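*Asks:* My structure is in target_34.csv, and what it holds is CSV, C-alpha atoms:
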chain,number,residue,atom,x,y,z
A,47,MET,CA,-11.0,12.6,-14.8
A,48,VAL,CA,-10.7,9.6,-12.5
A,49,ILE,CA,-13.8,7.5,-11.8
A,50,ALA,CA,-13.7,5.0,-8.9
A,51,LYS,CA,-16.2,3.1,-6.9
A,52,THR,CA,-16.2,3.8,-3.1
A,53,VAL,CA,-18.4,2.1,-0.6
A,54,ASP,CA,-20.7,5.1,-0.8
A,55,GLY,CA,-21.0,4.9,-4.6
A,56,GLU,CA,-19.2,6.0,-7.7
A,57,ILE,CA,-17.0,9.0,-7.3
A,58,GLY,CA,-15.6,11.1,-10.2
A,59,ILE,CA,-12.6,13.3,-9.6
A,60,MET,CA,-11.9,16.3,-11.8
A,61,PRO,CA,-8.9,18.6,-11.6
A,62,LYS,CA,-9.0,20.9,-8.5
A,63,HIS,CA,-11.1,18.5,-6.6
A,64,ALA,CA,-11.2,19.0,-2.8
A,65,PRO,CA,-9.1,16.6,-0.8
A,66,VAL,CA,-10.9,13.3,-0.3
A,67,LEU,CA,-10.0,10.0,1.4
A,68,GLY,CA,-12.4,7.2,0.4
A,69,VAL,CA,-12.6,3.4,0.9
A,70,LEU,CA,-12.9,1.5,-2.3
A,71,VAL,CA,-15.2,-1.5,-2.7
A,72,GLU,CA,-14.0,-5.0,-3.3
A,73,GLY,CA,-14.1,-5.8,-7.0
A,74,GLY,CA,-14.5,-2.2,-8.4
A,75,VAL,CA,-13.4,-0.8,-11.7
A,76,LEU,CA,-11.3,2.2,-11.9
A,77,ARG,CA,-11.4,4.4,-15.0
A,78,VAL,CA,-9.0,7.2,-15.8
A,79,LYS,CA,-10.2,9.4,-18.7
A,80,ARG,CA,-7.3,10.9,-20.6
A,81,ASP,CA,-7.1,13.7,-23.2
A,82,GLY,CA,-6.6,12.3,-26.7
A,83,GLU,CA,-5.8,8.8,-25.4
A,84,ASP,CA,-7.8,5.7,-24.6
A,85,ASP,CA,-9.2,5.4,-21.1
A,86,LEU,CA,-7.0,3.6,-18.6
A,87,VAL,CA,-9.1,0.9,-17.0
A,88,ALA,CA,-8.1,-1.3,-14.0
A,89,ALA,CA,-9.8,-3.8,-11.8
A,90,VAL,CA,-9.2,-2.7,-8.2
A,91,HIS,CA,-9.9,-4.9,-5.2
A,92,GLY,CA,-10.3,-3.0,-2.0
A,93,GLY,CA,-8.1,-0.2,-0.8
A,94,PHE,CA,-8.3,3.5,-0.8
A,95,ILE,CA,-8.5,6.6,-3.0
A,96,SER,CA,-6.8,9.7,-1.7
A,97,VAL,CA,-7.0,13.1,-3.4
A,98,ALA,CA,-4.8,15.9,-2.2
A,99,ASN,CA,-3.1,18.8,-3.9
A,100,ASP,CA,-4.4,17.8,-7.4
A,101,ASP,CA,-2.8,14.4,-6.8
A,102,VAL,CA,-4.9,11.3,-7.0
A,103,SER,CA,-3.4,8.1,-5.5
A,104,ILE,CA,-5.1,4.7,-5.4
A,105,LEU,CA,-3.9,2.3,-2.8
A,106,ALA,CA,-5.2,-1.1,-3.6
A,107,GLU,CA,-4.6,-4.5,-2.0
A,108,ALA,CA,-4.6,-6.0,-5.5
A,109,ALA,CA,-5.1,-4.4,-8.9
A,110,GLU,CA,-4.9,-5.4,-12.5
A,111,LEU,CA,-4.9,-3.3,-15.7
A,112,GLY,CA,-7.7,-4.1,-18.0
A,113,SER,CA,-5.3,-4.6,-20.9
A,114,GLU,CA,-3.4,-7.2,-18.9
A,115,VAL,CA,-6.4,-9.3,-17.8
A,116,ASP,CA,-6.4,-12.9,-19.0
A,117,ILE,CA,-10.1,-13.0,-20.1
A,118,ALA,CA,-10.3,-16.8,-20.4
A,119,ARG,CA,-9.0,-17.3,-16.9
A,120,ALA,CA,-11.2,-14.6,-15.4
A,121,LYS,CA,-14.3,-16.2,-17.0
A,122,ASP,CA,-13.2,-19.5,-15.7
A,123,ALA,CA,-12.8,-18.1,-12.2
A,124,LEU,CA,-16.2,-16.4,-12.4
A,125,GLN,CA,-17.9,-19.7,-13.4
A,126,ARG,CA,-16.2,-21.6,-10.6
A,127,ALA,CA,-17.1,-19.0,-8.0
A,128,GLN,CA,-20.8,-18.9,-9.2
A,129,ALA,CA,-20.9,-22.7,-9.1
A,130,SER,CA,-19.8,-22.7,-5.4
A,131,ILE,CA,-22.2,-19.9,-4.6
A,132,GLU,CA,-25.1,-22.1,-6.0
A,133,ALA,CA,-23.9,-25.0,-3.9
A,134,ASP,CA,-23.6,-22.9,-0.7
A,135,GLN,CA,-25.4,-19.6,-0.5
A,136,GLU,CA,-23.4,-18.6,2.6
A,137,ASP,CA,-20.0,-19.0,0.9
A,138,ALA,CA,-18.5,-15.6,1.5
A,139,ASP,CA,-15.1,-16.4,-0.1
A,140,ALA,CA,-16.9,-17.5,-3.3
A,141,ARG,CA,-18.9,-14.3,-3.4
A,142,LEU,CA,-15.8,-12.2,-3.1
A,143,GLU,CA,-14.1,-14.3,-5.7
A,144,ALA,CA,-17.1,-13.8,-8.1
A,145,LYS,CA,-17.0,-10.0,-7.5
A,146,ARG,CA,-13.3,-9.9,-8.3
A,147,ALA,CA,-13.6,-12.0,-11.4
A,148,ALA,CA,-16.5,-9.8,-12.6
A,149,ALA,CA,-14.5,-6.7,-12.0
A,150,ARG,CA,-11.6,-8.1,-14.0
A,151,LEU,CA,-13.8,-8.9,-16.9
A,152,ARG,CA,-15.5,-5.5,-16.8
A,153,ALA,CA,-12.1,-3.8,-16.7
A,154,ALA,CA,-11.1,-5.8,-19.8
A,155,GLY,CA,-14.2,-4.5,-21.6
A,156,GLU,CA,-16.3,-7.7,-21.4
A,157,GLU,CA,-20.0,-7.7,-20.6
A,158,VAL,CA,-20.8,-9.4,-17.3
B,206,MET,CA,58.6,-36.8,9.2
B,207,GLY,CA,56.6,-38.3,6.4
B,208,ALA,CA,53.7,-38.5,8.8
B,209,GLN,CA,53.7,-34.8,9.5
B,210,LEU,CA,53.7,-34.0,5.8
B,211,ARG,CA,50.7,-36.2,5.2
B,212,LEU,CA,48.8,-34.7,8.1
B,213,LEU,CA,49.4,-31.1,6.8
B,214,ARG,CA,48.4,-32.1,3.3
B,215,ARG,CA,45.2,-33.5,4.6
B,216,ARG,CA,44.4,-30.4,6.6
B,217,ILE,CA,45.1,-28.1,3.7
B,218,LYS,CA,42.7,-30.2,1.6
B,219,SER,CA,39.9,-29.9,4.2
B,220,VAL,CA,40.4,-26.2,4.7
B,221,LYS,CA,40.3,-25.6,0.9
B,222,SER,CA,37.0,-27.3,0.6
B,223,THR,CA,35.6,-25.2,3.5
B,224,ALA,CA,36.8,-22.1,1.8
B,225,LYS,CA,35.1,-23.2,-1.4
B,226,ILE,CA,31.8,-23.6,0.4
B,227,THR,CA,31.9,-20.3,2.3
B,228,ARG,CA,33.0,-18.5,-0.9
B,229,ALA,CA,29.9,-19.9,-2.7
B,230,GLN,CA,27.7,-18.9,0.2
B,231,GLU,CA,29.2,-15.4,0.0
B,232,LEU,CA,28.4,-15.1,-3.7
B,233,ILE,CA,24.9,-16.3,-3.3
B,234,ALA,CA,24.3,-13.8,-0.5
B,235,SER,CA,25.7,-11.0,-2.6
B,236,SER,CA,23.3,-11.7,-5.4
B,237,ARG,CA,20.4,-12.0,-2.9
B,238,ILE,CA,21.1,-8.6,-1.3
B,239,VAL,CA,20.5,-6.9,-4.6
B,240,LYS,CA,17.2,-8.7,-5.0
B,241,ALA,CA,16.2,-7.9,-1.5
B,242,GLN,CA,17.1,-4.3,-2.0
B,243,GLN,CA,14.9,-4.2,-5.1
B,244,ARG,CA,12.0,-5.6,-3.2
B,245,MET,CA,12.5,-3.0,-0.6
B,246,GLN,CA,12.5,-0.2,-3.2
B,247,ALA,CA,9.4,-1.6,-4.8
B,248,ALA,CA,7.5,-1.4,-1.6
B,249,VAL,CA,8.4,2.3,-1.0
B,250,PRO,CA,5.6,4.1,-3.0
B,251,TYR,CA,2.8,2.1,-1.4
B,252,GLU,CA,4.2,2.8,2.0
B,253,ARG,CA,4.8,6.5,1.4
B,254,GLU,CA,1.2,6.9,0.2
B,255,ILE,CA,-0.3,5.0,3.1
B,256,THR,CA,1.7,6.9,5.6
B,257,ARG,CA,0.5,10.1,4.1
B,258,ALA,CA,-3.1,9.0,4.1
B,259,VAL,CA,-2.9,7.9,7.8
B,260,SER,CA,-1.2,11.1,8.9
B,261,GLY,CA,-3.8,13.0,6.9
B,262,VAL,CA,-6.6,11.3,8.7
B,263,VAL,CA,-5.0,11.6,12.1
B,264,SER,CA,-4.1,15.3,11.7
B,265,ASN,CA,-7.6,16.1,10.4
B,266,THR,CA,-9.5,14.4,13.2
B,267,ALA,CA,-7.6,15.5,16.2
B,268,SER,CA,-9.6,13.4,18.6
B,269,VAL,CA,-9.5,10.1,16.8
B,270,ASP,CA,-11.0,7.7,19.2
B,271,HIS,CA,-10.0,4.5,17.5
B,272,PRO,CA,-9.0,1.4,19.5
B,273,LEU,CA,-5.8,1.2,17.4
B,274,THR,CA,-4.7,4.7,18.3
B,275,VAL,CA,-5.6,5.1,21.9
B,276,ALA,CA,-3.0,4.1,24.5
B,277,LYS,CA,-4.3,2.3,27.5
B,278,GLU,CA,-3.6,4.0,30.8
B,279,GLN,CA,-2.4,0.8,32.5
B,280,PRO,CA,-0.9,-1.5,29.9
B,281,ALA,CA,-0.5,-5.0,31.3
B,282,THR,CA,0.9,-7.0,28.5
B,283,ALA,CA,2.9,-6.1,25.4
B,284,GLY,CA,3.4,-8.1,22.3
B,285,VAL,CA,6.9,-8.1,20.9
B,286,LEU,CA,7.4,-9.1,17.3
B,287,ILE,CA,10.9,-10.4,16.9
B,288,ILE,CA,12.2,-10.9,13.3
B,289,THR,CA,15.0,-13.4,13.0
B,290,SER,CA,16.3,-15.5,10.1
B,291,ASP,CA,15.5,-19.1,9.2
B,292,SER,CA,19.0,-20.2,8.5
B,293,GLY,CA,22.3,-19.6,10.2
B,294,PHE,CA,25.7,-18.7,8.7
B,295,CYS,CA,24.9,-15.0,9.1
B,296,GLY,CA,27.3,-13.9,11.9
B,297,GLY,CA,25.8,-12.0,14.8
B,298,TYR,CA,22.6,-11.1,13.0
B,299,ASN,CA,20.2,-13.2,15.1
B,300,ALA,CA,22.2,-12.7,18.3
B,301,ASN,CA,21.9,-9.0,17.9
B,302,VAL,CA,18.2,-9.0,17.4
B,303,LEU,CA,17.6,-11.4,20.3
B,304,ARG,CA,19.8,-9.3,22.6
B,305,GLU,CA,17.8,-6.2,21.8
B,306,ALA,CA,14.6,-8.1,22.3
B,307,GLU,CA,15.8,-9.2,25.8
B,308,ALA,CA,16.7,-5.6,26.6
B,309,LEU,CA,13.2,-4.5,25.6
B,310,ARG,CA,11.7,-7.3,27.7
B,311,GLY,CA,13.7,-6.1,30.7
B,312,LEU,CA,12.5,-2.5,30.1
B,313,LEU,CA,8.9,-3.5,29.8
B,314,GLU,CA,9.1,-5.6,32.9
B,315,GLU,CA,10.5,-2.7,34.9
B,316,ARG,CA,7.3,-0.8,33.9
B,317,GLY,CA,5.3,-3.8,35.2
B,318,ILE,CA,4.4,-5.0,31.7
B,319,ARG,CA,4.5,-8.6,30.8
B,320,ALA,CA,6.1,-9.2,27.4
B,321,VAL,CA,4.7,-11.8,25.0
B,322,PRO,CA,7.1,-12.7,22.2
B,323,PHE,CA,5.7,-13.2,18.6
B,324,VAL,CA,8.6,-14.7,16.7
B,325,THR,CA,9.3,-15.0,13.0
B,326,GLY,CA,12.3,-17.0,11.7
B,327,ARG,CA,13.4,-20.5,12.7
B,328,LYS,CA,16.4,-19.3,14.7
B,329,GLY,CA,14.3,-17.1,16.9
B,330,VAL,CA,11.7,-19.8,17.4
B,331,THR,CA,14.3,-22.3,18.4
B,332,TRP,CA,15.9,-19.8,20.8
B,333,HIS,CA,12.5,-19.3,22.5
B,334,THR,CA,11.5,-23.0,22.6
B,335,PHE,CA,14.9,-23.9,24.1
B,336,ARG,CA,14.3,-21.5,27.0
B,337,SER,CA,10.7,-22.8,27.2
B,338,ARG,CA,9.3,-19.2,26.7
B,339,GLU,CA,5.7,-19.1,25.7
B,340,MET,CA,5.1,-17.5,22.3
B,341,GLY,CA,2.0,-15.6,21.2
B,342,GLY,CA,2.7,-16.6,17.6
B,343,ARG,CA,5.4,-18.1,15.5
B,344,TRP,CA,6.1,-18.1,11.8
B,345,GLU,CA,8.8,-19.8,9.8
B,346,GLY,CA,10.0,-20.3,6.3
B,347,PHE,CA,9.9,-16.8,4.7
B,348,SER,CA,12.7,-14.9,6.3
B,349,ARG,CA,14.7,-14.7,3.0
B,350,ARG,CA,11.8,-13.8,0.8
B,351,PRO,CA,8.8,-12.4,2.8
B,352,SER,CA,5.6,-11.8,0.8
B,353,TYR,CA,2.9,-9.3,1.6
B,354,ALA,CA,0.6,-12.2,2.5
B,355,ASP,CA,3.1,-13.1,5.3
B,356,ALA,CA,3.0,-9.6,6.7
B,357,LYS,CA,-0.8,-9.6,6.5
B,358,GLU,CA,-1.0,-12.8,8.4
B,359,ILE,CA,1.3,-11.5,11.2
B,360,ALA,CA,-0.5,-8.2,11.3
B,361,GLY,CA,-3.8,-10.0,11.5
B,362,THR,CA,-2.7,-12.1,14.5
B,363,LEU,CA,-1.3,-9.1,16.3
B,364,ILE,CA,-4.3,-6.9,15.7
B,365,GLU,CA,-6.7,-9.7,16.7
B,366,SER,CA,-4.8,-10.1,20.0
B,367,PHE,CA,-4.7,-6.3,20.4
B,368,LYS,CA,-8.5,-6.0,20.1
B,369,GLU,CA,-9.2,-8.7,22.6
B,370,ASN,CA,-10.0,-7.4,26.0
B,371,ASP,CA,-7.4,-9.4,27.9
B,372,GLY,CA,-5.1,-9.5,25.0
B,373,ILE,CA,-2.0,-7.4,24.5
B,374,ASP,CA,-2.1,-3.7,25.0
B,375,GLU,CA,1.0,-2.6,23.0
B,376,ILE,CA,2.8,-4.0,20.0
B,377,HIS,CA,6.6,-3.5,19.6
B,378,VAL,CA,8.7,-4.8,16.7
B,379,VAL,CA,12.4,-5.7,16.8
B,380,TYR,CA,14.0,-5.9,13.4
B,381,THR,CA,17.2,-5.1,11.6
B,382,GLU,CA,17.3,-2.0,9.5
B,383,PHE,CA,19.3,-2.2,6.3
B,384,VAL,CA,21.3,1.1,6.3
B,385,SER,CA,23.9,0.1,3.7
B,386,MET,CA,25.8,-3.0,2.5
B,387,LEU,CA,28.1,-2.6,5.5
B,388,THR,CA,25.9,-1.2,8.2
B,389,GLN,CA,22.8,-2.9,9.6
B,390,GLN,CA,21.2,-1.7,12.7
B,391,VAL,CA,18.8,-3.3,15.1
B,392,ILE,CA,15.7,-1.2,15.6
B,393,VAL,CA,13.1,-1.4,18.3
B,394,LYS,CA,9.9,0.3,17.5
B,395,ARG,CA,6.4,0.5,18.9
B,396,ILE,CA,3.7,0.1,16.2
B,397,LEU,CA,0.6,0.0,18.3
B,398,PRO,CA,-0.9,2.1,19.7
B,399,LEU,CA,-0.1,4.0,16.6
B,400,GLU,CA,2.6,6.6,16.4
B,401,VAL,CA,2.2,7.9,12.9
B,402,GLU,CA,5.6,8.7,11.6
B,403,GLU,CA,5.5,12.4,11.0
B,404,ALA,CA,9.1,12.7,10.0
B,405,GLU,CA,8.5,11.2,6.6
B,406,VAL,CA,6.0,13.8,5.6
B,407,ALA,CA,7.3,16.8,7.6
B,408,ASP,CA,8.9,18.5,4.6
B,409,GLU,CA,5.6,18.8,2.8
B,410,ALA,CA,3.0,21.5,3.3
B,411,ILE,CA,0.4,21.2,6.0
B,412,PRO,CA,-1.8,18.3,5.2
B,413,PRO,CA,-5.0,19.4,3.5
B,414,TYR,CA,-8.4,19.2,5.0
B,415,PHE,CA,-9.8,15.9,3.9
B,416,GLU,CA,-13.4,14.9,3.2
B,417,PHE,CA,-14.1,11.3,4.0
B,418,GLU,CA,-16.0,8.6,2.1
B,419,PRO,CA,-18.1,7.4,4.0
B,420,THR,CA,-16.9,8.7,7.4
B,421,ALA,CA,-13.6,9.3,9.2
B,422,PRO,CA,-14.0,6.4,11.7
B,423,GLU,CA,-14.8,4.0,8.9
B,424,VAL,CA,-11.9,5.1,6.8
B,425,LEU,CA,-9.7,4.6,9.8
B,426,ASN,CA,-11.1,1.2,10.4
B,427,SER,CA,-9.9,-0.1,7.1
B,428,LEU,CA,-6.9,2.2,6.8
B,429,LEU,CA,-5.1,1.4,10.1
B,430,PRO,CA,-4.8,-2.4,9.7
B,431,ARG,CA,-3.3,-1.8,6.2
B,432,TYR,CA,-0.9,0.7,7.7
B,433,VAL,CA,0.2,-1.8,10.4
B,434,GLU,CA,0.6,-4.5,7.6
B,435,SER,CA,2.8,-2.2,5.6
B,436,ARG,CA,5.0,-1.3,8.6
B,437,ILE,CA,5.4,-5.0,9.3
B,438,PHE,CA,6.1,-5.8,5.6
B,439,ASN,CA,8.7,-3.1,5.6
B,440,ALA,CA,10.3,-4.6,8.7
B,441,LEU,CA,10.4,-8.0,7.1
B,442,LEU,CA,11.9,-6.7,3.9
B,443,GLN,CA,14.6,-4.7,5.8
B,444,SER,CA,15.4,-7.7,7.9
B,445,ALA,CA,15.7,-9.9,4.8
B,446,ALA,CA,18.1,-7.6,3.2
B,447,SER,CA,20.1,-7.2,6.4
B,448,GLU,CA,20.2,-11.0,6.8
B,449,GLU,CA,21.8,-11.5,3.5
B,450,ALA,CA,24.2,-8.6,4.1
B,451,SER,CA,25.4,-10.1,7.4
B,452,ARG,CA,25.6,-13.5,5.8
B,453,ARG,CA,27.8,-12.1,3.0
B,454,ARG,CA,30.0,-10.4,5.5
B,455,ALA,CA,30.3,-13.5,7.8
B,456,MET,CA,31.0,-15.8,4.8
B,457,LYS,CA,33.6,-13.3,3.4
B,458,SER,CA,35.6,-13.3,6.7
B,459,ALA,CA,35.3,-17.1,6.9
B,460,THR,CA,36.7,-17.4,3.4
B,461,ASP,CA,39.5,-14.9,4.2
B,462,ASN,CA,40.4,-16.9,7.4
B,463,ALA,CA,40.4,-20.2,5.5
B,464,ASN,CA,42.7,-18.7,2.9
B,465,GLU,CA,45.1,-17.4,5.6
B,466,LEU,CA,45.1,-20.8,7.2
B,467,ILE,CA,46.0,-22.5,3.9
B,468,GLY,CA,49.0,-20.1,3.6
B,469,VAL,CA,50.2,-21.0,7.1
B,470,PHE,CA,49.8,-24.7,6.5
B,471,THR,CA,51.6,-24.5,3.2
B,472,ARG,CA,54.6,-22.8,4.8
B,473,GLN,CA,54.7,-25.4,7.5
B,474,MET,CA,54.5,-28.2,4.9
B,475,ASN,CA,57.4,-26.7,2.9
B,476,GLN,CA,59.4,-26.5,6.1
B,477,ALA,CA,58.7,-30.1,7.0
B,478,ARG,CA,59.6,-31.2,3.5
B,479,GLN,CA,62.8,-29.3,3.5
B,480,ALA,CA,63.7,-30.7,6.9
B,481,GLU,CA,63.1,-34.2,5.6
B,482,ILE,CA,65.4,-33.6,2.6
B,483,THR,CA,68.1,-32.1,4.8
B,484,GLN,CA,67.9,-35.1,7.1
B,485,GLU,CA,68.1,-37.6,4.2
B,486,ILE,CA,71.2,-35.8,2.7
B,487,SER,CA,73.0,-35.8,6.1
B,488,GLU,CA,72.1,-39.5,6.5
B,489,ILE,CA,73.5,-40.3,3.1
B,490,VAL,CA,76.6,-38.3,3.6
B,491,GLY,CA,77.1,-39.8,7.1
B,492,GLY,CA,76.7,-43.3,5.6
B,493,ALA,CA,79.1,-42.6,2.8
B,494,ASN,CA,81.7,-41.2,5.1
B,495,ALA,CA,81.4,-44.2,7.4
B,496,LEU,CA,81.8,-46.6,4.4
B,497,ALA,CA,84.9,-44.5,3.2
B,498,ASP,CA,86.4,-44.7,6.7
B,499,ALA,CA,85.9,-48.4,6.9
B,500,ALA,CA,87.5,-48.9,3.5
B,501,ALA,CA,90.5,-46.7,4.5
B,502,GLY,CA,91.0,-48.8,7.8
B,503,LYS,CA,91.3,-52.1,5.8
B,504,GLU,CA,94.0,-50.9,3.5
Using the file provided, produce a representation of the structure as structure tokens.
*Replies:*
Amino acid sequence: MVIAKTVDGEIGIMPKHAPVLGVLVEGGVLRVKRDGEDDLVAAVHGGFISVANDDVSILAEAAELGSEVDIARAKDALQRAQASIEADQEDADARLEAKRAAARLRAAGEEV
Amino acid sequence: MGAQLRLLRRRIKSVKSTAKITRAQELIASSRIVKAQQRMQAAVPYEREITRAVSGVVSNTASVDHPLTVAKEQPATAGVLIITSDSGFCGGYNANVLREAEALRGLLEERGIRAVPFVTGRKGVTWHTFRSREMGGRWEGFSRRPSYADAKEIAGTLIESFKENDGIDEIHVVYTEFVSMLTQQVIVKRILPLEVEEAEVADEAIPPYFEFEPTAPEVLNSLLPRYVESRIFNALLQSAASEEASRRRAMKSATDNANELIGVFTRQMNQARQAEITQEISEIVGGANALADAAAGKE
């Protein structure tokens, strides 16, 4: 089963799902549940999910596998982004950055 | 005679050093083609998926009324994205692209459309500034190694101008397609208003009926700019590979010519040296004979 987060909310795709084309949120976590194996988790920033003919494809502008996330760096990025949000509430770039960093941490299995 | 020998020796030396430079350029270009091809290959899956998604949406919603897909009835201006190289030494590469761009400009003007060039690559920018043509946008410094961010920036500028009311109504792109190591072809294509390339998905079954999250227009809103970006990225990558391929070819023929020239000069030099020796011998023999005659006269 594939679980992704679209702008409408979480979506879970099981085999034989009807064709769907969805827009993914910025800083979402994608989870692929596999039989007899650990879940495949990735941080996905923006992009699309398309389901057709029992084929799920995720088109992301940027993505990172949870196992490849550099946790220390992601934490650092999150702190920096939060600091600049506190300094300037309207800072859209920092908000985006914070979302992305949080998604990377969640994908790596950290609590945020 | 000695003067001619010296001159030829000097020329051979200079041609040899030229050949060394062009040979090095040729080798550099060859190794870069492989890298450029790999980058092209790496971009294929994303492009295939996004093309499939876009054609899926467009075929599902027959009456897509999206600013990026609807052609204006009376287009007044067209943006032409011209992709050239930053550095020279690549044969007719830039000349070919610019010639096609001029032809397109002529065609558009026949239809009463003003063409606004958007140029990437230093050579194209210089070409346009030299002729004091006004450019809608110019980018330099990445022709050999374009990144997705570059494509995104270009696409952003074009789409921005496309959405403006008195901006451009059509976007064309002129780039060089990398067919093979030996063949590169200049391609002129319209990217906006969108003509989704059906050919690439034609062999598959009829596209399934999609559901959209949240709605079809919103999916299109975020999908279409990505599609344009990926088309431009593809054009940039193809052009980068073509640039290196034409550079390799140009440098190879330069090296061959230099080597041929060295052969010609070497033969001329041998001839000159032989002529010099022959003359010296005949001078010595002549002098010896004269001395012998003088000695014979005295006795």
*Asks:* Using only C-alpha atoms, find each residue of chain B with at least one atom at most 12 Å away from an atom of chain A; report its shortest atom-to-atom pair and that distance in Å (one decimal), sort the rows by chain and rising residue number, and return the result as a Markdown table.
*Replies:*
| residue | atom | partner | partner_atom | distance |
| --- | --- | --- | --- | --- |
| B:Pro250 | CA | A:Leu105 | CA | 9.7 |
| B:Tyr251 | CA | A:Leu105 | CA | 6.8 |
| B:Glu252 | CA | A:Leu105 | CA | 9.4 |
| B:Arg253 | CA | A:Leu105 | CA | 10.5 |
| B:Glu254 | CA | A:Ser103 | CA | 7.4 |
| B:Ile255 | CA | A:Leu105 | CA | 7.4 |
| B:Thr256 | CA | A:Leu105 | CA | 11.1 |
| B:Arg257 | CA | A:Ser96 | CA | 9.3 |
| B:Ala258 | CA | A:Ser96 | CA | 6.9 |
| B:Val259 | CA | A:Leu67 | CA | 9.8 |
| B:Ser260 | CA | A:Leu67 | CA | 11.6 |
| B:Gly261 | CA | A:Leu67 | CA | 8.8 |
| B:Val262 | CA | A:Leu67 | CA | 8.2 |
| B:Val263 | CA | A:Leu67 | CA | 11.9 |
| B:Asn265 | CA | A:Leu67 | CA | 11.1 |
| B:Tyr353 | CA | A:Glu107 | CA | 9.6 |
| B:Ala354 | CA | A:Glu107 | CA | 10.3 |
| B:Lys357 | CA | A:Glu107 | CA | 10.6 |
| B:Glu409 | CA | A:Asn99 | CA | 11.0 |
| B:Ala410 | CA | A:Asn99 | CA | 9.8 |
| B:Ile411 | CA | A:Asn99 | CA | 10.8 |
| B:Pro412 | CA | A:Ala98 | CA | 8.3 |
| B:Pro413 | CA | A:Pro65 | CA | 6.6 |
| B:Tyr414 | CA | A:Pro65 | CA | 6.4 |
| B:Phe415 | CA | A:Pro65 | CA | 4.8 |
| B:Glu416 | CA | A:Val66 | CA | 4.6 |
| B:Phe417 | CA | A:Leu67 | CA | 5.0 |
| B:Glu418 | CA | A:Gly68 | CA | 4.2 |
| B:Pro419 | CA | A:Asp54 | CA | 5.9 |
| B:Thr420 | CA | A:Gly68 | CA | 8.5 |
| B:Ala421 | CA | A:Leu67 | CA | 8.6 |
| B:Pro422 | CA | A:Val69 | CA | 11.3 |
| B:Glu423 | CA | A:Val69 | CA | 8.3 |
| B:Val424 | CA | A:Val69 | CA | 6.2 |
| B:Leu425 | CA | A:Val69 | CA | 9.4 |
| B:Asn426 | CA | A:Val69 | CA | 9.9 |
| B:Ser427 | CA | A:Val69 | CA | 7.6 |
| B:Leu428 | CA | A:Phe94 | CA | 7.8 |
| B:Leu429 | CA | A:Gly93 | CA | 11.4 |
| B:Pro430 | CA | A:Gly93 | CA | 11.2 |
| B:Arg431 | CA | A:Gly93 | CA | 8.6 |
| B:Tyr432 | CA | A:Leu105 | CA | 11.0 |
| B:Glu434 | CA | A:Glu107 | CA | 10.9 |
| B:Ser435 | CA | A:Glu107 | CA | 10.9 |
*Asks:* Atom CA of Gly311 of chain B and atom CA of Arg436 of chain B are how many Å apart?
*Replies:*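 Result for atom CA of Gly311 of chain B versus atom CA of Arg436 of chain B: 24.2 Å, one decimal.
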*Asks:* Smallest atom-to-atom distance to Lys51 of chain A: which of A:Ile131, A:Ala149, A:Ala140, A:Ala154, using only C-alpha atoms?
*Replies:*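 Comparing A:Ile131, A:Ala149, A:Ala140, A:Ala154 against Lys51 of chain A, the winner is A:Ala149.
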*Asks:* Find the residue from A:Met47, A:Asp85, A:Asp122, A:Ala148 that sits nearest to His63 of chain A; use only C-alpha atoms when measuring.
*Replies:*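 Of the candidates, the smallest distance to His63 of chain A is held by A:Met47.
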*Asks:* Interatomic distance between atom CA of Val433 of chain B and atom CA of His333 of chain B?
*Replies:*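 Interatomic distance, atom CA of Val433 of chain B to atom CA of His333 of chain B: 24.6 Å.
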*Asks:* Neighbouring residues of Ala247 of chain B were defined as those with any atom within 12 Å, considering all atoms listed in the file; residues of the same chain fewer than 6 positions away were excluded. Please report them as number ranges by chain.
*Replies:* B: 240-241, 253, 353, 438-439, 442
*Asks:* With C-alpha atoms kept, could you save the residues just selected as an mmCIF file, keeping the file's coordinate frame?
*Replies:*
data_model
loop_
_atom_site.group_PDB
_atom_site.id
_atom_site.type_symbol
_atom_site.label_atom_id
_atom_site.label_comp_id
_atom_site.auth_asym_id
_atom_site.auth_seq_id
_atom_site.Cartn_x
_atom_site.Cartn_y
_atom_site.Cartn_z
ATOM 1 C CA LYS B 240 17.200 -8.700 -5.000
ATOM 2 C CA ALA B 241 16.200 -7.900 -1.500
ATOM 3 C CA ARG B 253 4.800 6.500 1.400
ATOM 4 C CA TYR B 353 2.900 -9.300 1.600
ATOM 5 C CA PHE B 438 6.100 -5.800 5.600
ATOM 6 C CA ASN B 439 8.700 -3.100 5.600
ATOM 7 C CA LEU B 442 11.900 -6.700 3.900
#
*Asks:* Which polymer residues, whether protein, DNA or RNA, lie within 10 Å of the coordinate (-13.7, 6.2, -14.3) when you count all atoms listed in the file? List them as a list in words, using the chain letters and numbers from the file.
*Replies:*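 Returned residue set, sorted by chain then number, is Met47, Val48, Ile49, Ala50, Lys51, Glu56, Ile57, Gly58, Ile59, Val75, Leu76, Arg77, Val78, Lys79, Asp85, Leu86, Val87 and Ala88 of chain A.
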*Asks:* Hey, can you check how far atom CA of Ile238 of chain B sits from atom CA of Ile376 of chain B?
*Replies:* 28.5 Å
*Asks:* Under the rule that all atoms listed in the file are counted, which of A:Met60, A:Ala123, A:Ala147, A:Ala133 is the nearest residue to Glu110 of chain A?
*Replies:* A:Ala147
*Asks:* I need the residue nearest Ala144 of chain A from this list: A:Leu124, A:Leu111, A:Ala129, A:Ile117. Use all atoms listed in the file for the distance.
*Replies:*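 Between A:Leu124, A:Leu111, A:Ala129, A:Ile117, the residue approaching Ala144 of chain A most closely is A:Leu124.
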